[in-house]
file data-v2.txt (compact mmCIF, C-alpha atoms)
# COMPACT_ATOMS: atom_id res chain seq x y z
CA MET A 913 96.50 146.33 89.99
CA SER A 914 93.16 146.56 91.74
CA VAL A 915 92.41 145.00 95.10
CA GLU A 916 89.37 142.74 95.23
CA ARG A 917 86.60 144.05 97.43
CA PRO A 918 84.28 141.82 99.43
CA PRO A 919 80.49 142.30 99.17
CA GLY A 920 80.65 144.91 101.99
CA GLY A 921 82.81 147.17 99.85
CA GLN A 922 86.02 147.05 102.01
CA PRO A 923 89.27 145.70 100.45
CA ASP A 924 90.53 142.36 101.83
CA HIS A 925 94.13 142.84 103.00
CA ARG A 926 94.46 139.39 104.56
CA ARG A 927 97.23 137.08 103.40
CA PRO A 928 96.00 134.25 101.16
CA TYR A 929 96.53 131.47 103.75
CA LEU A 930 94.42 133.41 106.27
CA MET A 931 91.47 133.12 103.91
CA LEU A 932 91.43 129.34 104.44
CA PRO A 933 89.30 127.84 107.21
CA PRO A 934 91.22 127.14 110.46
CA ALA A 935 90.74 123.37 110.07
CA VAL A 936 92.36 123.42 106.62
CA ARG A 937 95.27 125.56 107.87
CA GLY A 938 95.83 123.14 110.76
CA ALA A 939 95.74 120.10 108.46
CA ALA A 940 98.21 121.78 106.09
CA ALA A 941 100.60 122.61 108.93
CA TRP A 942 100.49 119.04 110.24
CA SER A 943 100.99 117.68 106.71
CA VAL A 944 104.12 119.80 106.25
CA ALA A 945 105.46 118.69 109.64
CA VAL A 946 104.83 115.00 108.85
CA ILE A 947 106.43 115.31 105.42
CA LEU A 948 109.52 116.97 106.89
CA LEU A 949 109.74 114.31 109.63
CA ILE A 950 109.48 111.49 107.08
CA ALA A 951 112.10 113.17 104.87
CA VAL A 952 114.56 113.55 107.74
CA ALA A 953 113.93 110.00 108.95
CA SER A 954 114.42 108.66 105.42
CA LEU A 955 117.72 110.51 105.08
CA VAL A 956 118.89 109.15 108.44
CA VAL A 957 117.92 105.58 107.51
CA PHE A 958 119.57 105.96 104.10
CA ALA A 959 122.79 107.19 105.72
CA LEU A 960 122.76 104.33 108.25
CA VAL A 961 122.20 101.75 105.52
CA GLU A 962 124.91 103.20 103.31
CA LEU A 963 127.31 103.23 106.25
CA ARG A 964 126.23 99.78 107.49
CA ALA A 965 129.83 98.56 107.53
CA ALA A 966 130.24 100.81 110.58
CA THR A 967 126.70 101.27 111.91
CA VAL A 968 125.79 97.55 112.14
CA PRO A 969 128.90 96.62 114.20
CA PHE A 970 128.27 99.70 116.36
CA VAL A 971 124.67 98.70 117.15
CA LEU A 972 125.65 95.05 117.67
CA ALA A 973 128.38 96.19 120.05
CA LEU A 974 125.87 98.29 121.98
CA LEU A 975 123.59 95.27 122.30
CA GLY A 976 126.47 93.07 123.44
CA ALA A 977 127.61 95.68 125.95
CA ALA A 978 124.04 96.08 127.20
CA LEU A 979 123.78 92.33 127.77
CA LEU A 980 127.17 91.96 129.48
CA HIS A 981 127.41 95.29 131.28
CA PRO A 982 126.64 93.94 134.81
CA VAL A 983 129.54 91.49 134.58
CA VAL A 984 132.27 94.15 134.57
CA PRO A 985 131.22 95.93 137.80
CA TRP A 986 130.84 92.53 139.46
CA LEU A 987 134.44 91.66 138.56
CA VAL A 988 135.71 95.13 139.51
CA ARG A 989 134.19 94.80 142.98
CA ARG A 990 136.28 91.65 143.40
CA GLY A 991 139.55 93.40 142.66
CA VAL A 992 139.84 92.90 138.89
CA SER A 993 140.86 95.93 136.85
CA ARG A 994 138.29 97.29 134.39
CA SER A 995 140.48 96.52 131.38
CA LEU A 996 141.02 92.91 132.44
CA ALA A 997 137.34 92.53 133.35
CA ALA A 998 136.26 93.84 129.95
CA GLY A 999 138.78 91.57 128.19
CA LEU A 1000 137.62 88.46 130.06
CA THR A 1001 133.99 89.30 129.31
CA CYS A 1002 134.78 89.66 125.60
CA ILE A 1003 136.57 86.29 125.59
CA VAL A 1004 133.51 84.63 127.12
CA LEU A 1005 131.29 86.35 124.53
CA VAL A 1006 133.43 85.11 121.63
CA ALA A 1007 133.49 81.58 123.03
CA ALA A 1008 129.70 81.54 123.48
CA VAL A 1009 128.93 82.89 119.99
CA ALA A 1010 131.45 80.58 118.32
CA GLY A 1011 130.11 77.59 120.23
CA VAL A 1012 126.52 78.25 119.18
CA ILE A 1013 127.49 78.73 115.52
CA VAL A 1014 129.71 75.63 115.42
CA LEU A 1015 127.06 73.52 117.12
CA LEU A 1016 124.37 74.71 114.73
CA VAL A 1017 126.36 74.30 111.52
CA ASN A 1018 127.93 70.97 112.50
CA SER A 1019 124.64 69.45 113.59
CA LEU A 1020 122.66 70.55 110.56
CA VAL A 1021 125.34 69.70 108.00
CA ASN A 1022 125.95 66.25 109.48
CA SER A 1023 122.24 65.45 109.50
CA ALA A 1024 121.61 66.82 105.99
CA PRO A 1025 122.24 63.49 104.12
CA HIS A 1026 120.01 61.61 106.55
CA ILE A 1027 117.29 64.21 106.17
CA ALA A 1028 117.58 64.09 102.38
CA ALA A 1029 117.16 60.30 102.37
CA SER A 1030 114.10 60.53 104.64
CA LEU A 1031 112.24 63.25 102.73
CA PRO A 1032 110.87 61.05 99.89
CA ALA A 1033 109.61 58.44 102.37
CA ALA A 1034 107.85 61.13 104.36
CA GLY A 1035 106.30 62.47 101.17
CA LYS A 1036 105.03 59.00 100.24
CA ARG A 1037 103.36 58.65 103.64
CA LEU A 1038 101.67 62.00 103.21
CA ALA A 1039 100.54 61.08 99.71
CA ASP A 1040 98.96 57.86 101.03
CA TRP A 1041 97.17 59.66 103.86
CA LEU A 1042 96.15 62.96 102.23
CA GLY A 1043 95.43 61.97 98.63
CA PRO A 1044 95.94 64.59 95.88
CA PHE A 1045 97.06 67.24 98.36
CA GLY A 1046 99.57 64.80 99.78
CA GLU A 1047 100.85 64.04 96.29
CA LYS A 1048 101.70 67.70 95.83
CA ILE A 1049 103.60 67.65 99.11
CA GLN A 1050 105.36 64.45 98.00
CA HIS A 1051 106.45 66.13 94.79
CA ALA A 1052 107.83 69.09 96.74
CA LEU A 1053 109.69 66.87 99.20
CA THR A 1054 111.13 64.72 96.40
CA ASN A 1055 112.47 67.83 94.70
CA ALA A 1056 113.83 68.99 98.05
CA LYS A 1057 116.03 65.89 98.21
CA GLY A 1058 118.21 67.18 95.40
CA GLU A 1059 118.40 70.57 97.05
CA THR A 1060 119.45 69.03 100.36
CA ASN A 1061 122.05 66.76 98.75
CA SER A 1062 123.66 69.78 97.14
CA LEU A 1063 123.68 71.75 100.39
CA VAL A 1064 127.34 71.18 101.21
CA SER A 1065 128.55 71.84 97.67
CA THR A 1066 126.40 74.96 97.46
CA LEU A 1067 127.81 76.25 100.74
CA THR A 1068 131.36 75.50 99.57
CA SER A 1069 130.94 77.26 96.24
CA GLY A 1070 129.20 80.14 97.98
CA VAL A 1071 132.11 80.56 100.37
CA LEU A 1072 134.65 80.38 97.56
CA SER A 1073 132.77 82.94 95.47
CA GLY A 1074 131.99 85.17 98.40
CA LEU A 1075 135.36 85.83 99.94
CA GLY A 1076 134.61 89.53 99.80
CA LEU A 1077 131.52 89.05 101.94
CA LEU A 1078 133.46 86.80 104.29
CA THR A 1079 136.10 89.51 104.66
CA GLN A 1080 133.40 92.06 105.45
CA LEU A 1081 131.88 89.78 108.06
CA ILE A 1082 135.25 89.20 109.72
CA THR A 1083 136.03 92.92 109.66
CA GLY A 1084 132.62 93.77 111.09
CA GLY A 1085 132.96 91.12 113.78
CA VAL A 1086 136.40 92.36 114.84
CA LEU A 1087 135.13 95.95 114.91
CA ALA A 1088 132.07 94.97 116.97
CA LEU A 1089 134.22 93.02 119.43
CA ALA A 1090 136.62 95.94 119.83
CA LEU A 1091 133.71 98.30 120.42
CA VAL A 1092 132.23 95.94 123.01
CA PHE A 1093 135.56 96.00 124.87
CA PHE A 1094 135.73 99.80 124.86
CA PHE A 1095 132.06 100.18 125.82
CA LEU A 1096 132.51 97.82 128.76
CA ARG A 1097 135.76 99.41 129.88
CA ASP A 1098 134.93 103.09 129.40
CA GLY A 1099 131.14 103.15 129.48
CA HIS A 1100 131.04 104.64 132.97
CA ARG A 1101 132.74 107.77 131.61
CA THR A 1102 130.03 108.53 129.06
CA GLY A 1103 128.29 111.10 131.25
CA ASP A 1104 131.48 113.08 131.86
CA ALA A 1105 132.30 113.02 128.14
CA ILE A 1106 128.86 114.40 127.24
CA ARG A 1107 129.10 117.14 129.88
CA SER A 1108 132.45 118.23 128.46
CA TYR A 1109 130.91 118.91 125.05
CA LEU A 1110 127.41 120.21 125.88
CA PRO A 1111 126.09 122.94 128.23
CA GLY A 1112 124.56 121.95 131.55
CA ARG A 1113 120.84 121.38 130.89
CA GLY A 1114 121.34 120.04 127.38
CA ALA A 1115 123.98 117.61 128.64
CA GLU A 1116 121.67 116.29 131.35
CA THR A 1117 118.89 115.77 128.80
CA VAL A 1118 121.21 113.86 126.47
CA ILE A 1119 122.53 111.76 129.36
CA ALA A 1120 119.00 110.94 130.51
CA CYS A 1121 117.96 109.93 126.98
CA ALA A 1122 121.10 107.85 126.45
CA GLY A 1123 120.70 106.14 129.81
CA ARG A 1124 117.06 105.28 129.17
CA ALA A 1125 117.83 103.98 125.67
CA PHE A 1126 120.66 101.83 127.01
CA GLU A 1127 118.42 100.46 129.77
CA ALA A 1128 115.76 99.56 127.19
CA MET A 1129 118.28 97.72 125.02
CA ALA A 1130 119.75 95.99 128.05
CA GLY A 1131 116.30 94.89 129.16
CA PHE A 1132 115.51 93.52 125.72
CA MET A 1133 118.79 91.62 125.45
CA ARG A 1134 118.65 90.11 128.95
CA GLY A 1135 114.98 89.20 128.76
CA THR A 1136 115.28 87.74 125.26
CA THR A 1137 118.43 85.80 126.14
CA LEU A 1138 116.78 84.26 129.21
CA ILE A 1139 113.67 83.32 127.23
CA ALA A 1140 115.80 81.97 124.37
CA LEU A 1141 117.77 79.75 126.76
CA ILE A 1142 114.57 78.36 128.27
CA ASP A 1143 112.93 77.78 124.87
CA ALA A 1144 116.03 76.17 123.38
CA GLY A 1145 116.54 73.96 126.43
CA PHE A 1146 113.02 72.56 126.52
CA ILE A 1147 112.77 72.09 122.75
CA THR A 1148 116.16 70.36 122.65
CA ILE A 1149 115.10 68.01 125.44
CA GLY A 1150 111.86 67.24 123.59
CA LEU A 1151 113.63 66.58 120.28
CA LEU A 1152 116.20 64.37 121.99
CA ALA A 1153 113.41 62.37 123.62
CA LEU A 1154 111.82 61.90 120.17
CA GLY A 1155 115.14 60.82 118.67
CA VAL A 1156 115.21 63.64 116.12
CA PRO A 1157 118.66 63.90 114.47
CA GLY A 1158 120.57 67.12 115.02
CA ALA A 1159 118.54 68.05 118.11
CA PRO A 1160 121.35 70.16 119.68
CA GLY A 1161 121.78 72.09 116.45
CA LEU A 1162 118.04 72.65 116.17
CA GLY A 1163 118.06 73.89 119.75
CA ALA A 1164 120.84 76.33 118.85
CA LEU A 1165 118.71 77.48 115.89
CA VAL A 1166 115.78 78.07 118.25
CA PHE A 1167 118.08 80.08 120.54
CA MET A 1168 119.29 82.29 117.70
CA GLY A 1169 115.81 82.69 116.24
CA ALA A 1170 114.45 83.98 119.54
CA TYR A 1171 116.22 87.30 118.95
CA ILE A 1172 113.85 87.97 116.03
CA PRO A 1173 110.41 88.10 117.71
CA PHE A 1174 107.55 86.10 116.15
CA VAL A 1175 109.33 85.42 112.85
CA GLY A 1176 112.39 83.72 114.37
CA ALA A 1177 110.32 81.42 116.60
CA PHE A 1178 108.10 80.42 113.68
CA LEU A 1179 110.97 79.67 111.30
CA SER A 1180 113.10 77.75 113.82
CA GLY A 1181 110.07 75.73 114.98
CA THR A 1182 109.18 74.93 111.37
CA VAL A 1183 112.69 73.64 110.68
CA ALA A 1184 112.52 71.39 113.76
CA VAL A 1185 109.15 69.94 112.68
CA LEU A 1186 110.35 69.35 109.12
CA VAL A 1187 113.45 67.53 110.35
CA ALA A 1188 111.25 65.36 112.59
CA LEU A 1189 108.93 64.66 109.63
CA ALA A 1190 111.82 63.70 107.39
CA ASP A 1191 113.37 61.37 109.95
CA GLY A 1192 110.51 59.78 111.88
CA GLY A 1193 107.41 60.35 109.80
CA LEU A 1194 104.18 62.13 110.52
CA GLY A 1195 103.81 60.79 114.06
CA THR A 1196 107.18 62.11 115.18
CA ALA A 1197 106.51 65.40 113.38
CA LEU A 1198 103.22 65.82 115.23
CA TRP A 1199 104.93 65.14 118.57
CA ALA A 1200 107.67 67.64 117.66
CA LEU A 1201 104.99 70.16 116.68
CA GLY A 1202 103.33 69.59 120.04
CA VAL A 1203 106.62 70.21 121.85
CA VAL A 1204 107.25 73.43 119.91
CA LEU A 1205 103.71 74.75 120.39
CA THR A 1206 103.73 73.91 124.10
CA VAL A 1207 107.00 75.74 124.65
CA GLN A 1208 105.75 78.71 122.62
CA MET A 1209 102.51 78.83 124.63
CA ILE A 1210 104.48 78.78 127.88
CA GLU A 1211 106.68 81.56 126.55
CA GLY A 1212 103.79 83.72 125.35
CA ASN A 1213 101.53 83.27 128.38
CA ILE A 1214 104.03 82.99 131.24
CA LEU A 1215 107.59 83.95 130.35
CA GLN A 1216 106.89 87.01 128.20
CA PRO A 1217 104.53 88.73 130.70
CA ILE A 1218 106.85 88.04 133.64
CA ILE A 1219 110.21 88.81 132.03
CA GLN A 1220 109.68 91.17 129.11
CA SER A 1221 106.99 93.30 130.75
CA ARG A 1222 109.68 94.53 133.16
CA THR A 1223 112.14 95.35 130.43
CA VAL A 1224 110.55 96.27 127.06
CA GLU A 1225 107.23 98.13 127.03
CA LEU A 1226 106.29 97.67 123.36
CA HIS A 1227 102.95 96.56 121.99
CA PRO A 1228 103.10 93.30 119.99
CA ALA A 1229 101.79 95.14 116.92
CA THR A 1230 104.66 97.62 117.21
CA ILE A 1231 107.14 94.75 117.45
CA MET A 1232 105.69 93.03 114.37
CA VAL A 1233 105.80 96.22 112.29
CA ALA A 1234 109.35 96.95 113.47
CA VAL A 1235 110.54 93.46 112.51
CA VAL A 1236 108.97 93.64 109.05
CA ALA A 1237 110.30 97.15 108.45
CA GLY A 1238 113.78 96.20 109.65
CA ALA A 1239 113.83 93.14 107.41
CA GLY A 1240 112.77 95.27 104.45
CA VAL A 1241 115.52 97.80 105.07
CA ALA A 1242 118.47 95.55 106.00
CA GLY A 1243 117.39 91.90 105.74
CA ILE A 1244 118.10 89.54 108.63
CA ILE A 1245 120.34 92.06 110.39
CA GLY A 1246 117.58 94.64 110.16
CA ALA A 1247 115.04 92.23 111.64
CA LEU A 1248 117.48 91.41 114.44
CA LEU A 1249 118.16 95.05 115.31
CA ALA A 1250 114.67 96.43 114.76
CA VAL A 1251 113.14 95.67 118.16
CA PRO A 1252 116.04 96.81 120.40
CA VAL A 1253 116.41 100.00 118.35
CA CYS A 1254 112.66 100.57 118.59
CA ALA A 1255 112.81 99.97 122.34
CA ALA A 1256 115.66 102.46 122.66
CA GLY A 1257 113.68 105.02 120.66
CA SER A 1258 110.66 104.46 122.90
CA GLY A 1259 112.84 105.07 125.95
CA VAL A 1260 114.15 108.33 124.51
CA ILE A 1261 110.61 109.49 123.71
CA SER A 1262 109.48 108.70 127.25
CA VAL A 1263 112.28 110.85 128.66
CA LEU A 1264 111.51 113.75 126.31
CA ARG A 1265 107.81 113.55 127.11
CA GLY A 1266 108.59 113.61 130.81
CA LEU A 1267 110.73 116.70 130.35
CA ALA A 1268 108.06 118.38 128.24
CA THR A 1269 105.26 117.77 130.75
CA GLY A 1270 107.36 118.28 133.87
CA PRO A 1271 107.71 121.49 135.84
CA GLU A 1272 109.83 124.27 134.43

call {"tool": "encode", "arguments": {"input": "data-v2.txt", "output": "structure tokens"}}
result
Amino acid sequence: MSVERPPGGQPDHRRPYLMLPPAVRGAAAWSVAVILLIAVASLVVFALVELRAATVPFVLALLGAALLHPVVPWLVRRGVSRSLAAGLTCIVLVAAVAGVIVLLVNSLVNSAPHIAASLPAAGKRLADWLGPFGEKIQHALTNAKGETNSLVSTLTSGVLSGLGLLTQLITGGVLALALVFFFLRDGHRTGDAIRSYLPGRGAETVIACAGRAFEAMAGFMRGTTLIALIDAGFITIGLLALGVPGAPGLGALVFMGAYIPFVGAFLSGTVAVLVALADGGLGTALWALGVVLTVQMIEGNILQPIIQSRTVELHPATIMVAVVAGAGVAGIIGALLAVPVCAAGSGVISVLRGLATGPE
């Protein structure tokens, strides 16, 4: 087999990839690295989704522990044992979550017949005011009456046919609550546990990354909870002043929706405006829309910069992409967990970058 000779007459002993221009070799190397990174990330996401019966309660427990973590040291400083402090904190958490869910479901279900009876009248008003476009809205609202009337029966049949899902939810909730208890009680020992398994410098790196990720999740949960309480309080007061039925339940919906940035606020605000439209007509709906928009403007221009800027350093575009990606991967749970997980990842990257650029 003969060796090709260049025009100068000397054989070319270079390896084939060295014959490529440096720019092409660099692009190829980066392409391989990106492909490998995407492949590994895809495998990790696939494993987490397949094991969601364990991973979702684990992440939810981390978020709950991040939110409630300051309570346990506060109780311990006052003479309460860590186990008792963690147990009392978990009891308060269960009571708060159960109260919000009961308030939301009871308020919306009780107001559903009234809303169903008001929808056709609201559609007729819109048809009179908006002409052909209003007639289309009237047709949609009239059809929605049947859907709303069958809400309770649909929920009942869904519960009866979905006992397996109900069992999974109960199991996941119990597991998450147990993990919250253990995280609150034994979380201060995490550093010692990591040092017992890893060598010195590696252990300190892992501890720094874990601490920064936990701080990011804690900041997100505390900031979001405070903003959600303020939003829900003002919107509930506004809806009560307008006489909108189910105002406390709608406020609870606003509170829960605040944990899904952008999307949750839009959906919960839309539900509140539709309920106001169905009950009091276009005038009440416009006032309700004004209340919702005013609260959202106060949140976006005042509360978010003051509260969240100190806790979660994520660009709004990053948050939007994370929410959409999380919803695509795991539905509502994915949208709920996307931002805190993204914030934790950002915290880990900041620690690793600091180590990489710091002195040796």

call {"tool": "closest_residue", "arguments": {"input": "data-v2.txt", "among": "A:Val1207, A:Leu960, A:Ser1108, A:Val1092", "to": "A:Ile1149", "atoms": "all atoms listed in the file"}}
result
A:Val1207

call {"tool": "atom_distance", "arguments": {"input": "data-v2.txt", "atom1": "atom CA of A:Leu980", "atom2": "atom CA of A:Leu1096"}}
result
8.0 Å

call {"tool": "atom_distance", "arguments": {"input": "data-v2.txt", "atom1": "atom CA of A:Ala1120", "atom2": "atom CA of A:Leu1089"}}
result
26.0 Å

call {"tool": "residues_around", "arguments": {"input": "data-v2.txt", "residues": "A:Ala1197", "least_positions_apart": "6", "cutoff": "8 Å", "atoms": "all atoms listed in the file", "output": "list of chain:residue names"}}
result
A:Val1185, A:Leu1186, A:Val1187, A:Ala1188, A:Leu1189

call {"tool": "atom_distance", "arguments": {"input": "data-v2.txt", "atom1": "atom CA of A:Ala945", "atom2": "atom CA of A:Leu1226"}}
result
25.1 Å

call {"tool": "closest_residue", "arguments": {"input": "data-v2.txt", "among": "A:Ile1214, A:Arg1124, A:Gly999, A:Asn1018", "to": "A:Ile1142", "atoms": "only C-alpha atoms"}}
result
A:Ile1214

call {"tool": "residues_near_point", "arguments": {"input": "data-v2.txt", "point": "(114.1, 69.4, 124.4)", "cutoff": "10 Å", "atoms": "all atoms listed in the file", "output": "PyMOL selection string"}}
result
chain A and resi 1142-1154+1159-1160+1162-1163+1200+1203-1204+1207

call {"tool": "residues_around", "arguments": {"input": "data-v2.txt", "residues": "A:Thr1001", "least_positions_apart": "3", "cutoff": "10 Å", "atoms": "only C-alpha atoms", "output": "list in words"}}
result
Ala977, Leu980, His981, Val983, Val984, Leu987, Ser995, Leu996, Ala997, Ala998, Val1004, Leu1005, Val1006, Ala1007, Val1092, Phe1093 and Leu1096 of chain A

call {"tool": "closest_residue", "arguments": {"input": "data-v2.txt", "among": "A:Val968, A:Ala941, A:Leu1091, A:Met1129", "to": "A:Cys1002", "atoms": "all atoms listed in the file"}}
result
A:Leu1091

call {"tool": "residues_around", "arguments": {"input": "data-v2.txt", "residues": "A:Cys1254", "least_positions_apart": "3", "cutoff": "12 Å", "atoms": "only C-alpha atoms", "output": "list of chain:residue names"}}
result
A:Ala1125, A:Phe1126, A:Ala1128, A:Met1129, A:Phe1132, A:Val1224, A:Glu1225, A:Leu1226, A:His1227, A:Thr1230, A:Ile1231, A:Met1232, A:Val1233, A:Ala1234, A:Val1235, A:Ala1237, A:Gly1238, A:Gly1246, A:Ala1247, A:Leu1248, A:Leu1249, A:Ala1250, A:Val1251, A:Gly1257, A:Ser1258, A:Gly1259, A:Val1260, A:Ile1261

call {"tool": "closest_residue", "arguments": {"input": "data-v2.txt", "among": "A:Ile947, A:Gly1084, A:Gly1099, A:Gly976", "to": "A:Arg994", "atoms": "only C-alpha atoms"}}
result
A:Gly1099
